[in-house]
file data_9.txt (compact mmCIF, C-alpha atoms)
# COMPACT_ATOMS: atom_id res chain seq x y z
CA MET A 74 -89.78 -26.26 52.30
CA GLY A 75 -87.82 -28.87 54.23
CA ARG A 76 -87.05 -32.54 53.66
CA TYR A 77 -90.37 -33.66 55.18
CA PHE A 78 -92.36 -30.57 56.13
CA GLY A 79 -94.06 -28.56 53.42
CA THR A 80 -96.33 -25.53 53.60
CA ASP A 81 -98.93 -27.52 55.52
CA GLY A 82 -97.07 -30.04 57.66
CA PHE A 83 -95.49 -33.44 57.01
CA ARG A 84 -97.64 -35.19 54.41
CA GLY A 85 -97.41 -38.37 52.36
CA GLU A 86 -99.03 -41.68 51.57
CA ALA A 87 -99.59 -43.59 54.82
CA ASN A 88 -96.73 -46.01 55.53
CA VAL A 89 -95.00 -44.98 52.30
CA GLY A 90 -94.06 -41.29 52.44
CA LEU A 91 -95.20 -40.92 56.04
CA THR A 92 -94.65 -43.95 58.27
CA VAL A 93 -95.39 -44.91 61.86
CA GLU A 94 -91.66 -44.62 62.55
CA HIS A 95 -91.77 -41.01 61.38
CA ALA A 96 -94.73 -40.31 63.65
CA TYR A 97 -93.06 -41.96 66.63
CA LYS A 98 -89.93 -39.85 66.12
CA VAL A 99 -91.98 -36.67 65.79
CA GLY A 100 -93.61 -37.52 69.12
CA ARG A 101 -90.28 -38.39 70.74
CA PHE A 102 -88.75 -35.09 69.67
CA LEU A 103 -91.70 -32.90 70.64
CA GLY A 104 -92.08 -34.57 74.02
CA TRP A 105 -88.41 -33.91 74.75
CA TYR A 106 -88.21 -30.44 73.16
CA PHE A 107 -91.12 -28.98 75.07
CA GLY A 108 -90.36 -30.91 78.23
CA ARG A 109 -86.81 -29.85 78.89
CA ASP A 110 -87.73 -27.67 81.89
CA HIS A 111 -91.22 -28.95 82.77
CA LYS A 112 -93.60 -31.82 81.99
CA ALA A 113 -94.87 -31.13 78.49
CA ARG A 114 -98.58 -31.18 77.65
CA VAL A 115 -99.51 -31.88 74.02
CA VAL A 116 -103.02 -32.07 72.57
CA ILE A 117 -103.79 -34.26 69.54
CA GLY A 118 -106.67 -34.26 67.07
CA LYS A 119 -107.28 -36.39 64.00
CA ASP A 120 -109.48 -36.68 60.95
CA THR A 121 -111.47 -39.75 59.90
CA ARG A 122 -108.88 -41.62 57.80
CA ARG A 123 -108.29 -45.22 58.80
CA SER A 124 -104.58 -44.51 59.17
CA SER A 125 -105.21 -41.63 61.59
CA TYR A 126 -105.62 -44.11 64.46
CA MET A 127 -102.25 -45.66 63.65
CA PHE A 128 -100.50 -42.30 63.60
CA GLU A 129 -102.29 -41.15 66.74
CA TYR A 130 -100.99 -44.14 68.69
CA SER A 131 -97.48 -43.74 67.24
CA LEU A 132 -97.36 -40.07 68.22
CA VAL A 133 -98.68 -40.87 71.70
CA ALA A 134 -96.04 -43.57 72.14
CA GLY A 135 -93.29 -41.14 71.20
CA LEU A 136 -94.63 -38.31 73.35
CA THR A 137 -95.13 -40.39 76.48
CA ALA A 138 -91.81 -42.15 76.00
CA SER A 139 -90.17 -38.72 76.16
CA GLY A 140 -92.13 -37.84 79.28
CA ALA A 141 -94.95 -35.71 77.82
CA ASP A 142 -98.64 -36.08 78.64
CA ALA A 143 -100.79 -36.55 75.52
CA TYR A 144 -104.38 -35.24 75.50
CA LEU A 145 -106.67 -36.75 72.86
CA LEU A 146 -109.43 -34.74 71.19
CA HIS A 147 -110.23 -37.71 68.90
CA VAL A 148 -111.94 -36.82 65.57
CA THR A 149 -111.96 -33.04 65.33
CA THR A 150 -111.00 -30.15 63.08
CA THR A 151 -107.64 -28.47 62.62
CA PRO A 152 -108.94 -25.08 63.85
CA SER A 153 -110.30 -26.76 66.98
CA VAL A 154 -106.78 -27.96 67.84
CA SER A 155 -105.51 -24.42 67.32
CA TYR A 156 -108.23 -23.09 69.63
CA VAL A 157 -107.65 -25.68 72.38
CA VAL A 158 -103.86 -25.21 72.35
CA ARG A 159 -104.06 -21.50 73.04
CA SER A 160 -107.10 -21.50 75.32
CA ASP A 161 -105.98 -24.39 77.53
CA ASP A 162 -102.27 -23.51 77.70
CA PHE A 163 -100.78 -26.56 75.96
CA ASP A 164 -97.16 -26.55 74.86
CA CYS A 165 -98.17 -27.52 71.36
CA GLY A 166 -100.86 -29.28 69.36
CA ILE A 167 -100.78 -31.94 66.67
CA MET A 168 -103.39 -32.51 63.98
CA ILE A 169 -103.29 -35.78 62.06
CA THR A 170 -104.70 -35.07 58.61
CA ALA A 171 -103.93 -34.83 54.93
CA SER A 172 -106.63 -32.18 54.52
CA HIS A 173 -108.21 -32.43 51.04
CA ASN A 174 -106.00 -35.34 49.88
CA PRO A 175 -107.42 -38.85 49.26
CA PHE A 176 -107.88 -41.28 52.17
CA TYR A 177 -104.62 -43.18 51.58
CA ASP A 178 -102.56 -40.05 52.32
CA ASN A 179 -102.09 -38.61 55.78
CA GLY A 180 -100.14 -35.88 57.47
CA ILE A 181 -98.93 -34.32 60.70
CA LYS A 182 -99.55 -30.62 61.33
CA ILE A 183 -97.84 -29.15 64.38
CA ILE A 184 -99.32 -26.08 66.07
CA ASN A 185 -97.43 -23.91 68.54
CA LYS A 186 -98.80 -22.70 71.87
CA SER A 187 -100.14 -19.52 70.26
CA GLY A 188 -102.34 -21.61 67.97
CA CYS A 189 -100.23 -20.92 64.86
CA LYS A 190 -98.33 -23.36 62.69
CA ILE A 191 -95.05 -24.35 64.30
CA GLU A 192 -91.94 -22.34 63.50
CA ALA A 193 -89.76 -23.51 60.59
CA GLU A 194 -86.70 -23.86 62.82
CA VAL A 195 -88.51 -26.42 64.98
CA GLU A 196 -89.53 -28.37 61.87
CA GLU A 197 -85.89 -28.37 60.77
CA LYS A 198 -84.80 -29.82 64.11
CA ILE A 199 -87.44 -32.54 63.85
CA GLU A 200 -86.17 -33.40 60.37
CA ASP A 201 -82.60 -33.61 61.68
CA TYR A 202 -83.78 -35.91 64.50
CA ILE A 203 -85.65 -38.18 62.07
CA ASP A 204 -82.58 -38.47 59.83
CA GLY A 205 -80.11 -38.97 62.69
CA PHE A 206 -78.38 -35.60 62.30
CA PHE A 207 -79.58 -34.05 65.55
CA THR A 208 -76.58 -33.65 67.85
CA GLU A 209 -78.28 -33.37 71.25
CA ASP A 210 -79.34 -36.38 73.29
CA VAL A 211 -83.09 -37.11 73.36
CA PRO A 212 -83.36 -39.52 76.31
CA LEU A 213 -86.22 -41.86 77.13
CA ALA A 214 -88.24 -40.98 80.23
CA THR A 215 -88.13 -43.46 83.09
CA ARG A 216 -90.09 -44.26 86.23
CA GLU A 217 -92.40 -41.44 87.33
CA ASP A 218 -91.28 -39.25 84.42
CA ILE A 219 -93.01 -41.42 81.79
CA GLY A 220 -95.98 -39.58 80.29
CA ARG A 221 -99.66 -40.51 80.30
CA THR A 222 -102.61 -40.32 77.90
CA VAL A 223 -105.72 -38.28 78.76
CA ASP A 224 -109.13 -38.36 77.06
CA TYR A 225 -109.84 -34.72 76.22
CA ALA A 226 -113.07 -34.77 74.21
CA MET A 227 -114.22 -31.91 76.43
CA GLY A 228 -111.80 -29.65 74.57
CA ARG A 229 -113.62 -30.26 71.29
CA ASN A 230 -116.96 -29.60 72.97
CA ARG A 231 -115.64 -26.31 74.35
CA TYR A 232 -114.57 -25.32 70.85
CA ILE A 233 -118.10 -26.01 69.57
CA GLY A 234 -119.40 -23.73 72.31
CA TYR A 235 -116.90 -21.07 71.27
CA LEU A 236 -118.11 -21.11 67.67
CA ILE A 237 -121.73 -20.83 68.78
CA SER A 238 -120.83 -17.86 71.00
CA LEU A 239 -119.33 -15.97 68.03
CA ALA A 240 -122.59 -15.83 66.08
CA LYS A 241 -124.25 -12.43 66.45
CA LYS A 242 -127.44 -13.51 64.69
CA SER A 243 -129.86 -16.39 65.06
CA PHE A 244 -130.10 -18.66 62.02
CA LYS A 245 -133.67 -19.55 62.96
CA ASP A 246 -135.55 -21.39 60.20
CA THR A 247 -132.91 -20.73 57.54
CA LYS A 248 -132.48 -23.80 55.34
CA VAL A 249 -128.74 -24.56 55.25
CA GLY A 250 -126.95 -27.42 53.51
CA LEU A 251 -123.67 -28.83 54.84
CA ASP A 252 -121.32 -31.15 52.96
CA LEU A 253 -119.10 -32.51 55.73
CA ALA A 254 -116.73 -34.37 53.36
CA ASN A 255 -116.97 -37.51 55.54
CA GLY A 256 -114.20 -35.85 57.49
CA SER A 257 -113.44 -33.82 60.59
CA ALA A 258 -116.49 -31.58 60.26
CA THR A 259 -118.74 -34.55 61.04
CA SER A 260 -117.91 -34.00 64.72
CA VAL A 261 -118.66 -30.26 64.68
CA GLY A 262 -120.67 -28.84 61.76
CA LYS A 263 -124.24 -29.97 62.33
CA ALA A 264 -124.04 -29.40 66.09
CA VAL A 265 -123.13 -25.74 65.54
CA PHE A 266 -125.83 -24.99 62.96
CA ASP A 267 -128.53 -26.83 64.90
CA ALA A 268 -127.65 -24.87 68.04
CA LEU A 269 -127.94 -21.60 66.11
CA GLY A 270 -131.47 -22.48 64.97
CA ALA A 271 -130.87 -23.39 61.33
CA LYS A 272 -132.83 -26.05 59.51
CA THR A 273 -129.75 -28.10 58.77
CA TYR A 274 -129.57 -30.49 55.81
CA VAL A 275 -126.48 -32.68 55.83
CA ILE A 276 -124.66 -34.85 53.27
CA SER A 277 -121.36 -36.76 53.39
CA ASN A 278 -121.80 -37.35 57.11
CA GLU A 279 -120.97 -41.08 57.32
CA PRO A 280 -117.19 -41.53 57.48
CA ASP A 281 -115.92 -45.10 57.13
CA GLY A 282 -112.18 -44.43 57.11
CA PHE A 283 -111.92 -44.56 53.33
CA ASN A 284 -114.51 -42.10 51.97
CA ILE A 285 -113.07 -38.81 53.24
CA ASN A 286 -113.13 -36.27 50.36
CA THR A 287 -114.38 -38.98 47.95
CA ASN A 288 -116.75 -37.26 45.51
CA CYS A 289 -117.75 -34.85 48.26
CA GLY A 290 -116.64 -31.82 50.22
CA SER A 291 -114.95 -28.69 48.92
CA THR A 292 -112.98 -30.62 46.28
CA HIS A 293 -116.19 -31.96 44.70
CA ILE A 294 -118.56 -29.04 45.11
CA GLU A 295 -120.94 -30.28 42.39
CA LYS A 296 -122.58 -32.66 44.87
CA LEU A 297 -123.55 -29.80 47.18
CA GLN A 298 -124.63 -27.62 44.25
CA LYS A 299 -127.16 -30.22 43.20
CA PHE A 300 -128.26 -30.80 46.80
CA VAL A 301 -128.93 -27.09 47.44
CA VAL A 302 -131.09 -26.70 44.32
CA GLU A 303 -133.03 -29.93 44.78
CA ASN A 304 -133.93 -29.07 48.38
CA GLY A 305 -134.59 -25.35 47.89
CA LEU A 306 -131.93 -24.33 50.41
CA ALA A 307 -130.89 -20.75 51.10
CA VAL A 308 -127.18 -21.61 51.10
CA GLY A 309 -124.76 -24.53 51.25
CA PHE A 310 -121.31 -24.92 52.79
CA ALA A 311 -118.71 -27.54 51.87
CA TYR A 312 -115.63 -28.31 53.96
CA ASP A 313 -112.44 -30.23 53.28
CA GLY A 314 -111.12 -33.22 55.21
CA ASP A 315 -109.93 -31.28 58.28
CA ALA A 316 -112.48 -28.44 57.95
CA ASP A 317 -110.00 -25.57 57.80
CA ARG A 318 -111.44 -24.44 54.49
CA CYS A 319 -114.95 -23.66 53.28
CA LEU A 320 -116.55 -23.11 49.91
CA ALA A 321 -120.15 -21.94 49.59
CA VAL A 322 -123.03 -22.50 47.18
CA ASP A 323 -125.66 -19.83 46.65
CA GLU A 324 -129.42 -20.41 46.46
CA GLN A 325 -129.18 -20.90 42.68
CA GLY A 326 -126.53 -23.60 42.98
CA ASN A 327 -123.60 -21.41 41.93
CA LEU A 328 -120.16 -21.81 43.48
CA VAL A 329 -118.99 -19.05 45.80
CA ASP A 330 -115.24 -19.65 46.17
CA GLY A 331 -112.71 -18.20 48.57
CA ASP A 332 -112.19 -15.06 46.50
CA LYS A 333 -115.91 -14.25 46.52
CA ILE A 334 -116.07 -15.00 50.24
CA MET A 335 -113.18 -12.59 50.87
CA TYR A 336 -114.94 -10.00 48.70
CA MET A 337 -118.24 -10.12 50.58
CA CYS A 338 -116.56 -10.32 53.99
CA GLY A 339 -114.17 -7.50 53.11
CA MET A 340 -117.03 -5.26 51.96
CA TYR A 341 -119.07 -6.02 55.08
CA MET A 342 -116.16 -5.60 57.49
CA LYS A 343 -115.27 -2.27 55.89
CA ASP A 344 -118.85 -1.06 56.41
CA GLN A 345 -118.69 -2.21 60.05
CA GLY A 346 -115.33 -0.52 60.67
CA GLU A 347 -113.70 -3.91 61.28
CA LEU A 348 -111.35 -4.14 58.27
CA ASN A 349 -108.03 -3.22 59.82
CA GLY A 350 -105.83 -1.16 57.53
CA ASN A 351 -108.63 -1.24 54.95
CA THR A 352 -106.70 -4.24 53.58
CA VAL A 353 -107.38 -7.88 52.70
CA VAL A 354 -104.47 -10.33 52.42
CA THR A 355 -104.61 -12.76 49.49
CA THR A 356 -102.23 -15.15 47.74
CA VAL A 357 -100.94 -14.98 44.18
CA MET A 358 -103.64 -17.51 43.21
CA SER A 359 -106.55 -15.11 43.80
CA ASN A 360 -108.50 -14.09 40.71
CA MET A 361 -107.89 -10.77 38.98
CA GLY A 362 -111.60 -10.12 39.31
CA LEU A 363 -111.21 -9.90 43.09
CA TYR A 364 -108.57 -7.21 42.80
CA LYS A 365 -110.59 -5.18 40.34
CA ALA A 366 -113.63 -5.41 42.65
CA PHE A 367 -111.54 -4.29 45.64
CA GLU A 368 -110.08 -1.40 43.66
CA LYS A 369 -113.59 -0.26 42.71
CA ALA A 370 -114.67 -0.46 46.36
CA GLY A 371 -111.57 1.38 47.62
CA ILE A 372 -110.21 -1.65 49.51
CA ARG A 373 -106.47 -2.33 49.51
CA TYR A 374 -105.02 -5.82 49.11
CA GLU A 375 -101.71 -7.58 49.55
CA GLN A 376 -100.43 -10.79 47.94
CA THR A 377 -98.37 -13.56 49.51
CA ALA A 378 -97.02 -16.91 48.36
CA VAL A 379 -99.55 -19.75 48.28
CA GLY A 380 -100.29 -21.18 51.73
CA ASP A 381 -102.45 -19.90 54.54
CA LYS A 382 -99.36 -19.79 56.79
CA TYR A 383 -97.96 -16.99 54.60
CA VAL A 384 -101.30 -15.17 54.64
CA PHE A 385 -101.38 -15.38 58.42
CA GLU A 386 -97.78 -14.18 58.79
CA ASN A 387 -98.59 -11.09 56.73
CA MET A 388 -101.76 -10.46 58.73
CA MET A 389 -99.92 -10.69 62.04
CA ALA A 390 -97.06 -8.48 60.88
CA ASN A 391 -99.47 -5.73 59.80
CA ASN A 392 -102.41 -6.23 62.18
CA TYR A 393 -104.80 -7.05 59.35
CA SER A 394 -108.13 -8.66 60.21
CA LEU A 395 -109.05 -10.59 57.04
CA GLY A 396 -107.13 -12.78 54.64
CA GLY A 397 -107.30 -16.06 52.80
CA GLU A 398 -107.02 -18.17 49.69
CA ASN A 399 -109.39 -18.80 46.81
CA SER A 400 -109.37 -22.48 47.85
CA GLY A 401 -111.43 -21.50 50.91
CA HIS A 402 -108.89 -20.97 53.71
CA ILE A 403 -110.29 -17.77 55.23
CA ILE A 404 -108.70 -16.26 58.34
CA PHE A 405 -110.52 -13.89 60.69
CA SER A 406 -107.65 -12.91 62.97
CA LYS A 407 -109.93 -11.54 65.70
CA HIS A 408 -111.29 -15.05 66.28
CA ALA A 409 -108.80 -17.62 64.95
CA MET A 410 -105.14 -18.22 64.18
CA THR A 411 -105.83 -20.40 61.15
CA GLY A 412 -108.42 -20.95 58.45
CA ASP A 413 -111.66 -22.25 59.95
CA GLY A 414 -114.36 -23.58 57.62
CA VAL A 415 -117.21 -23.59 60.13
CA LEU A 416 -116.32 -20.10 61.40
CA THR A 417 -116.31 -18.88 57.79
CA SER A 418 -119.81 -20.33 57.35
CA ILE A 419 -121.02 -18.47 60.43
CA LYS A 420 -119.62 -15.18 59.11
CA ILE A 421 -121.33 -15.66 55.74
CA MET A 422 -124.62 -16.43 57.45
CA GLU A 423 -124.35 -13.30 59.59
CA ILE A 424 -123.85 -11.11 56.52
CA MET A 425 -126.79 -12.68 54.67
CA ILE A 426 -129.09 -12.22 57.66
CA ASP A 427 -127.90 -8.73 58.60
CA LYS A 428 -128.05 -7.41 55.04
CA LYS A 429 -131.26 -9.32 54.26
CA MET A 430 -129.71 -10.39 50.97
CA THR A 431 -129.18 -13.70 49.23
CA LEU A 432 -125.66 -14.96 48.74
CA SER A 433 -125.90 -14.45 44.98
CA GLU A 434 -126.80 -10.78 45.55
CA LEU A 435 -123.90 -10.27 47.94
CA VAL A 436 -121.25 -11.39 45.43
CA LYS A 437 -122.78 -10.27 42.12
CA GLU A 438 -120.52 -7.21 41.78
CA MET A 439 -117.38 -9.36 41.62
CA LYS A 440 -116.81 -10.52 38.05
CA VAL A 441 -114.51 -13.54 37.80
CA TYR A 442 -111.89 -13.68 35.06
CA PRO A 443 -111.79 -17.03 33.22
CA GLN A 444 -109.16 -19.19 34.88
CA VAL A 445 -107.60 -22.54 34.06
CA LEU A 446 -105.51 -24.45 36.59
CA LYS A 447 -103.84 -27.75 35.71
CA ASN A 448 -101.58 -29.96 37.81
CA VAL A 449 -98.66 -31.94 36.45
CA ARG A 450 -97.22 -34.74 38.58
CA VAL A 451 -93.42 -34.51 38.29
CA ARG A 452 -90.32 -36.34 39.46
CA ASN A 453 -88.63 -33.24 40.88
CA LYS A 454 -90.60 -30.03 41.39
CA LYS A 455 -87.62 -27.68 41.57
CA GLU A 456 -85.92 -29.11 38.47
CA ALA A 457 -89.13 -28.93 36.45
CA ARG A 458 -89.94 -25.35 37.43
CA GLU A 459 -86.37 -24.09 36.89
CA ASP A 460 -85.78 -25.90 33.58
CA ALA A 461 -84.58 -23.27 31.08
CA ASP A 462 -87.07 -24.41 28.44
CA VAL A 463 -89.95 -24.24 30.92
CA VAL A 464 -88.85 -20.72 31.92
CA GLU A 465 -88.77 -19.74 28.24
CA ALA A 466 -92.24 -21.24 27.67
CA LEU A 467 -93.51 -19.10 30.56
CA ARG A 468 -92.00 -15.98 28.99
CA LEU A 469 -93.64 -16.76 25.63
CA ALA A 470 -96.98 -17.37 27.35
CA GLU A 471 -96.77 -13.96 29.01
CA GLU A 472 -96.10 -12.43 25.58
CA LYS A 473 -99.21 -14.14 24.19
CA LEU A 474 -101.35 -12.70 26.98
CA ASN A 475 -99.97 -9.23 26.18
CA GLY A 476 -101.01 -7.72 29.50
CA ASP A 477 -104.60 -8.99 29.30
CA GLY A 478 -104.20 -11.69 31.93
CA ARG A 479 -101.49 -13.54 33.79
CA ILE A 480 -99.85 -16.95 34.06
CA LEU A 481 -98.31 -18.61 37.08
CA VAL A 482 -96.12 -21.72 37.40
CA ARG A 483 -95.48 -22.90 40.95
CA GLU A 484 -94.58 -25.91 43.03
CA SER A 485 -97.25 -27.50 45.22
CA GLY A 486 -96.36 -27.27 48.88
CA THR A 487 -97.96 -30.62 49.72
CA GLU A 488 -97.69 -32.88 46.65
CA PRO A 489 -95.08 -33.78 43.95
CA VAL A 490 -96.93 -31.50 41.56
CA ILE A 491 -96.32 -28.43 39.42
CA ARG A 492 -99.38 -26.18 39.17
CA VAL A 493 -99.87 -24.12 36.02
CA MET A 494 -102.54 -21.42 36.22
CA ALA A 495 -103.65 -18.80 33.71
CA GLU A 496 -106.23 -16.01 33.74
CA ALA A 497 -107.26 -14.20 30.59
CA GLY A 498 -110.18 -12.67 28.75
CA SER A 499 -111.34 -16.09 27.52
CA SER A 500 -111.14 -19.70 28.67
CA GLU A 501 -109.71 -20.64 25.27
CA LYS A 502 -106.74 -18.32 25.72
CA CYS A 503 -106.19 -19.73 29.25
CA GLU A 504 -106.22 -23.30 27.92
CA GLU A 505 -103.80 -22.40 25.15
CA VAL A 506 -101.08 -20.87 27.31
CA VAL A 507 -101.40 -23.46 30.09
CA ASN A 508 -101.12 -26.33 27.60
CA ASP A 509 -98.08 -24.68 25.96
CA ILE A 510 -96.19 -24.85 29.26
CA ILE A 511 -97.38 -28.33 30.21
CA ASP A 512 -96.30 -29.63 26.79
CA VAL A 513 -92.75 -28.45 27.51
CA ILE A 514 -92.73 -30.03 30.98
CA VAL A 515 -93.82 -33.35 29.45
CA LYS A 516 -91.42 -33.18 26.48
CA LYS A 517 -88.48 -32.49 28.77
CA GLY A 518 -89.24 -35.68 30.72
CA HIS A 519 -90.19 -34.07 34.01
CA ALA A 520 -93.76 -35.41 34.11
CA VAL A 521 -94.74 -38.72 35.69
CA ILE A 522 -97.02 -40.36 33.14
CA GLN A 523 -99.72 -42.42 34.85

call {"tool": "encode", "arguments": {"input": "data_9.txt", "output": "structure tokens"}}
result
Amino acid sequence: MGRYFGTDGFRGEANVGLTVEHAYKVGRFLGWYFGRDHKARVVIGKDTRRSSYMFEYSLVAGLTASGADAYLLHVTTTPSVSYVVRSDDFDCGIMITASHNPFYDNGIKIINKSGCKIEAEVEEKIEDYIDGFFTEDVPLATREDIGRTVDYAMGRNRYIGYLISLAKKSFKDTKVGLDLANGSATSVGKAVFDALGAKTYVISNEPDGFNINTNCGSTHIEKLQKFVVENGLAVGFAYDGDADRCLAVDEQGNLVDGDKIMYMCGMYMKDQGELNGNTVVTTVMSNMGLYKAFEKAGIRYEQTAVGDKYVFENMMANNYSLGGENSGHIIFSKHAMTGDGVLTSIKIMEIMIDKKMTLSELVKEMKVYPQVLKNVRVRNKKEAREDADVVEALRLAEEKLNGDGRILVRESGTEPVIRVMAEAGSSEKCEEVVNDIIDVIVKKGHAVIQ
């Protein structure tokens, strides 16, 4: 991870960790970098945070000042930016979002012309430019070379049409619940499901700039669970702030997380002859129950570091067709270059309809190991994780588990947080070993006590 860019872009509290000056400089650099031998074209989307307007205008100012033309999708999803970049031949795309974070945070995700997250070397150059270390001249455009701004809402509408075209089955009369997280999915989700014939029931569909992810969406699935049961729905889908992840709720109100989604999709794609390499790509955070279920079904799996960018890199290197994270980033490489929450929903619906099975029936063979995940806000992630006493506490925790489970200590890629996760035969054992490690982090003074 760099000075500003983590595993999922440049993220921080608006006008604290991420300022309008940062955004302007990102725009200035990208407009120059992609416009050195032609007039650059950059497409921009944003989520519903109040600060997204501020960052949009700052990015546009920087881009046009460097001579690039900026095309505005307005409120849209991260995967829609990825789609528009590659389908409409833009030099790059920018998504303004802090994903599942609270409204006061924001972020800048940069997408290359192939629809993938921008290369690390470009991020490093942007960081050098922001900090004044970049050695090349980045001149201001003048006269007829100054860029312009173009309303490009049509790009978002074309993406909606693309999603609809991917559905192989009609959703006619199926009662579906959508929790749109008061975020990006409000511009896409209902339109897609209505067009496919579903009886669509929607919550968290009234963004006000401050309520994105607030007690709703994939980070607060309990709201959708209650909604599905109370309304007798066949299934529910919850998205995060920029709609690149999806969690599901079955007809009984039970959570179907990313691991269970990968399980059912992997099984179905294998049956259809669509699971390239007979392999699903996961991260180290996936549950042991997923791996045991895959082993029983004769499906191979690979593990990467946490972050859908690492999942995608592995998929591209090996021509795999399915991968994702238990948090709900699911990638279908035949159709998308990034996680896409609404696309994931469509795929789940297709399986339910084709197999004539409920969601609970489709995932019942995967038994989830008890898991406990706790986050510790720290002053310095690297120092906390590499502290000798923390390393020793991790070793002792592994001894306690004695092969019947696992424990993982890792740095968040987007927040000043250490994540401690354990899986074991019981929740009590998970709690015990996680708390042992957190106690050491706190005692050594790494934790920020709030």

call {"tool": "closest_residue", "arguments": {"input": "data_9.txt", "among": "A:Asn387, A:Gln345, A:Ser153, A:Ser485", "to": "Leu236 (chain A)", "atoms": "all atoms listed in the file"}}
result
A:Ser153

call {"tool": "closest_residue", "arguments": {"input": "data_9.txt", "among": "A:Tyr336, A:Lys272, A:Met358, A:Thr150", "to": "Tyr312 (chain A)", "atoms": "only C-alpha atoms"}}
result
A:Thr150

call {"tool": "atom_distance", "arguments": {"input": "data_9.txt", "atom1": "CA of Val154 (chain A)", "atom2": "CA of Tyr235 (chain A)"}}
result
12.7 Å

call {"tool": "residues_around", "arguments": {"input": "data_9.txt", "residues": "His95 (chain A)", "least_positions_apart": "3", "cutoff": "9 Å", "atoms": "only C-alpha atoms", "output": "VMD selection string"}}
result
chain A and resid 91 to 92 98 to 100 131 to 132 203

call {"tool": "closest_atom_pairs", "arguments": {"input": "data_9.txt", "of": "region 376-423 of chain A", "to": "region 248-254 of chain A", "cutoff": "12 Å", "atoms": "all atoms listed in the file", "output": "JSON lines"}}
result
{"residue": "A:Gly414", "atom": "CA", "partner": "A:Leu253", "partner_atom": "CA", "distance": 10.3}
{"residue": "A:Val415", "atom": "CA", "partner": "A:Leu251", "partner_atom": "CA", "distance": 9.9}
{"residue": "A:Ser418", "atom": "CA", "partner": "A:Leu251", "partner_atom": "CA", "distance": 9.7}
{"residue": "A:Ile419", "atom": "CA", "partner": "A:Val249", "partner_atom": "CA", "distance": 11.1}
{"residue": "A:Ile421", "atom": "CA", "partner": "A:Val249", "partner_atom": "CA", "distance": 11.6}
{"residue": "A:Met422", "atom": "CA", "partner": "A:Val249", "partner_atom": "CA", "distance": 9.4}

call {"tool": "atom_distance", "arguments": {"input": "data_9.txt", "atom1": "CA of Gly79 (chain A)", "atom2": "CA of Glu196 (chain A)"}}
result
9.6 Å

call {"tool": "residues_around", "arguments": {"input": "data_9.txt", "residues": "Asp142 (chain A)", "least_positions_apart": "6", "cutoff": "8 Å", "atoms": "all atoms listed in the file", "output": "VMD selection string"}}
result
chain A and resid 112 to 115 136 220 to 223

call {"tool": "atom_distance", "arguments": {"input": "data_9.txt", "atom1": "CA of Ala226 (chain A)", "atom2": "CA of Leu145 (chain A)"}}
result
6.8 Å

call {"tool": "residues_around", "arguments": {"input": "data_9.txt", "residues": "region 393-404 of chain A", "least_positions_apart": "2", "cutoff": "9 Å", "atoms": "all atoms listed in the file", "output": "PyMOL selection string"}}
result
chain A and resi 291+312+317-321+330-335+338-339+342+347-360+379-381+384-385+387-391+406-414+416-417

call {"tool": "closest_residue", "arguments": {"input": "data_9.txt", "among": "A:Arg101, A:Tyr156, A:Asn304, A:Lys437", "to": "Val133 (chain A)", "atoms": "all atoms listed in the file"}}
result
A:Arg101

call {"tool": "closest_residue", "arguments": {"input": "data_9.txt", "among": "A:Asp477, A:Ala138, A:Gly180, A:Ile117", "to": "Val93 (chain A)", "atoms": "all atoms listed in the file"}}
result
A:Gly180

call {"tool": "residues_around", "arguments": {"input": "data_9.txt", "residues": "Glu197 (chain A)", "least_positions_apart": "2", "cutoff": "10 Å", "atoms": "all atoms listed in the file", "output": "list in words"}}
result
Met74, Gly75, Arg76, Tyr77, Phe78, Glu192, Ala193, Glu194, Val195, Ile199, Glu200, Asp201, Tyr202, Ile203 and Phe207 of chain A

call {"tool": "closest_residue", "arguments": {"input": "data_9.txt", "among": "A:Val329, A:Val265, A:Ala141, A:Ile219", "to": "Glu434 (chain A)", "atoms": "all atoms listed in the file"}}
result
A:Val329

call {"tool": "residues_around", "arguments": {"input": "data_9.txt", "residues": "Asn288 (chain A)", "least_positions_apart": "6", "cutoff": "10 Å", "atoms": "only C-alpha atoms", "output": "VMD selection string"}}
result
chain A and resid 254 277 294 to 296

call {"tool": "closest_residue", "arguments": {"input": "data_9.txt", "among": "A:Val302, A:Met361, A:Ala316, A:Ala457", "to": "Asn286 (chain A)", "atoms": "all atoms listed in the file"}}
result
A:Ala316
